[in-house]
Amino acid sequence: MLNPQDMHKLARLNPFKSVDKVIDYGDKLMGVKNTSKMPMDYINNLGYTIHTLDATSLGGRAVDFNLKNPITGNYMTGSSSGTAINVFANINHIGAGLDGGSSVLAPAVSLNLFAFVSKLLAQDELAIHKKTSTDGIEFSPSLGFMTKSFDELMNVVPFDVKSSEVNFIQADVDINAPRKVLIQYLLDTLPKYDFILSKEGPIDLYGIGDSVLGHFENTHEIQNRSNKGLIKVVNMAGATAICIPTKKHAVSNVLICESDPDKISVMLGYAKTLIVEPDELTQRYFSNIDMYTDSLEDKL
């Protein structure tokens, strides 16, 4: 991780075109998805300086055709695309976004970040922002956060991390089923267990997980190859989820529970046991400030 001075310099350089605006500077830096729906009264009380307004996909699409994934060069997963890039690339310590149909979880997974979303965060401020998905499902968004470490994430997650025996189930549903089927699966299954564990991804590595593109007869398989599973419906089912990166690119252990504080605490305790060491090469490569600042222009 870069020091705050270099993080601020990097935000101004904006090498990935993921920053819409640089706002302020401090020791603990947060990027915020650039949408008027963000619950800023809640966010401003988290103890972080709002460092950047982050680029987001046009119209909230699930893939951002204006930004690229820094690792693969593919189209970046949306819609909190810039927020995820700015955490991954060490511009911010933490990113805040809104998740409707995986808009926080999917970008985070695509860059091996930790992420958390819950209906219990700023729920009164967000309940008024109702919209309808491309497949006809009405929902309001959840607030979510993404970071490069579990401990950083827990700085803004207002629930205890509880170590205890757990009663969970591995997800046993076709991840390519229609969203209404996946929502019903969560609604039927979550009350019976502390949480569901689903290994998801690699996100948007072999396909493009966008429903606008994927609704055609000859493009549906491209959408399926994006490997977005239950993360697509966590918010729509009113649930809470945390993503824990694995050693594989864009693959995470996704834990999902009912939006109940006790269940969330148990889920967080188990999630902590799944943490692995971050990928050393990408950490080192993208933390090299000289890579961004080296230029012949300085000698001319």
# chains A, B, ... in the order shown; residues from 1 in each chain; ligands from 1
>>> closest_atom_pairs(of="region 31-131 of chain A", to="region 159-182 of chain A", cutoff="12 Å", atoms="only C-alpha atoms", output="CSV")
residue,atom,partner,partner_atom,distance
A:Gly101,CA,A:Arg179,CA,9.4
A:Ser102,CA,A:Arg179,CA,11.6
A:Phe116,CA,A:Phe159,CA,11.4
A:Ser118,CA,A:Phe159,CA,10.9
A:Leu120,CA,A:Phe159,CA,10.3
A:Leu121,CA,A:Phe159,CA,10.6
>>> write_last_selection(atoms="N, CA, C and O atoms", output="tab-separated table (two decimals), in the first residue's frame")
chain	number	residue	atom	x	y	z
A	101	GLY	N	-27.79	-5.10	-8.18
A	101	GLY	CA	-27.73	-6.47	-8.66
A	101	GLY	C	-26.32	-6.96	-8.81
A	101	GLY	O	-25.95	-7.54	-9.82
A	102	SER	N	-25.48	-6.68	-7.83
A	102	SER	CA	-24.06	-7.05	-7.69
A	102	SER	C	-23.12	-5.92	-8.05
A	102	SER	O	-21.94	-6.14	-8.33
A	116	PHE	N	-18.31	-6.07	1.30
A	116	PHE	CA	-19.43	-6.32	2.21
A	116	PHE	C	-20.60	-5.46	1.78
A	116	PHE	O	-20.44	-4.26	1.51
A	118	SER	N	-24.98	-4.87	2.84
A	118	SER	CA	-26.06	-5.26	3.74
A	118	SER	C	-27.21	-4.27	3.65
A	118	SER	O	-27.00	-3.05	3.56
A	120	LEU	N	-28.91	-3.52	6.05
A	120	LEU	CA	-28.98	-2.82	7.33
A	120	LEU	C	-28.16	-1.54	7.37
A	120	LEU	O	-28.23	-0.79	8.34
A	121	LEU	N	-27.37	-1.28	6.33
A	121	LEU	CA	-26.54	-0.07	6.28
A	121	LEU	C	-27.33	1.06	5.61
A	121	LEU	O	-27.75	0.93	4.46
>>> select_by_dssp(residues="region 40-125 of chain A", states="strand (DSSP E)", output="VMD selection string")
chain A and resid 49 to 54 63 to 68 75 to 77 94 to 99 114 to 118
>>> atom_distance(atom1="CA of Val254 (chain A)", atom2="CA of Phe65 (chain A)")
25.4 Å
>>> select_by_dssp(residues="region 59-217 of chain A", states="helix (DSSP H, G or I)", output="ChimeraX atom specification")
/A:59-60,81-88,105-110,123-126,150-154,179-192,211-214
>>> residues_around(residues="Thr52 (chain A)", least_positions_apart="3", cutoff="6 Å", atoms="only C-alpha atoms", output="MDAnalysis selection string")
chainID A and resid 21:23 31
>>> write_last_selection(atoms="all heavy atoms", output="compact mmCIF listing (two decimals), in the first residue's frame")
# COMPACT_ATOMS: atom_id res chain seq x y z
N LYS A 21 -13.46 12.90 -9.91
CA LYS A 21 -13.05 14.14 -9.27
C LYS A 21 -12.28 13.84 -7.99
O LYS A 21 -12.67 12.95 -7.24
CB LYS A 21 -14.28 15.00 -8.94
CG LYS A 21 -13.94 16.40 -8.40
CD LYS A 21 -15.21 17.22 -8.20
CE LYS A 21 -14.87 18.62 -7.70
NZ LYS A 21 -16.10 19.44 -7.51
N VAL A 22 -11.19 14.57 -7.76
CA VAL A 22 -10.47 14.49 -6.48
C VAL A 22 -11.07 15.52 -5.54
O VAL A 22 -11.20 16.70 -5.88
CB VAL A 22 -8.96 14.75 -6.68
CG1 VAL A 22 -8.23 14.68 -5.34
CG2 VAL A 22 -8.37 13.74 -7.66
N ILE A 23 -11.45 15.08 -4.36
CA ILE A 23 -12.21 15.93 -3.43
C ILE A 23 -11.34 16.51 -2.32
O ILE A 23 -11.25 17.72 -2.15
CB ILE A 23 -13.38 15.14 -2.80
CG1 ILE A 23 -14.32 14.62 -3.89
CG2 ILE A 23 -14.15 16.02 -1.80
CD1 ILE A 23 -15.00 15.70 -4.69
N GLY A 31 -12.92 6.36 -1.45
CA GLY A 31 -13.53 6.72 -2.70
C GLY A 31 -15.01 6.42 -2.65
O GLY A 31 -15.42 5.44 -2.03
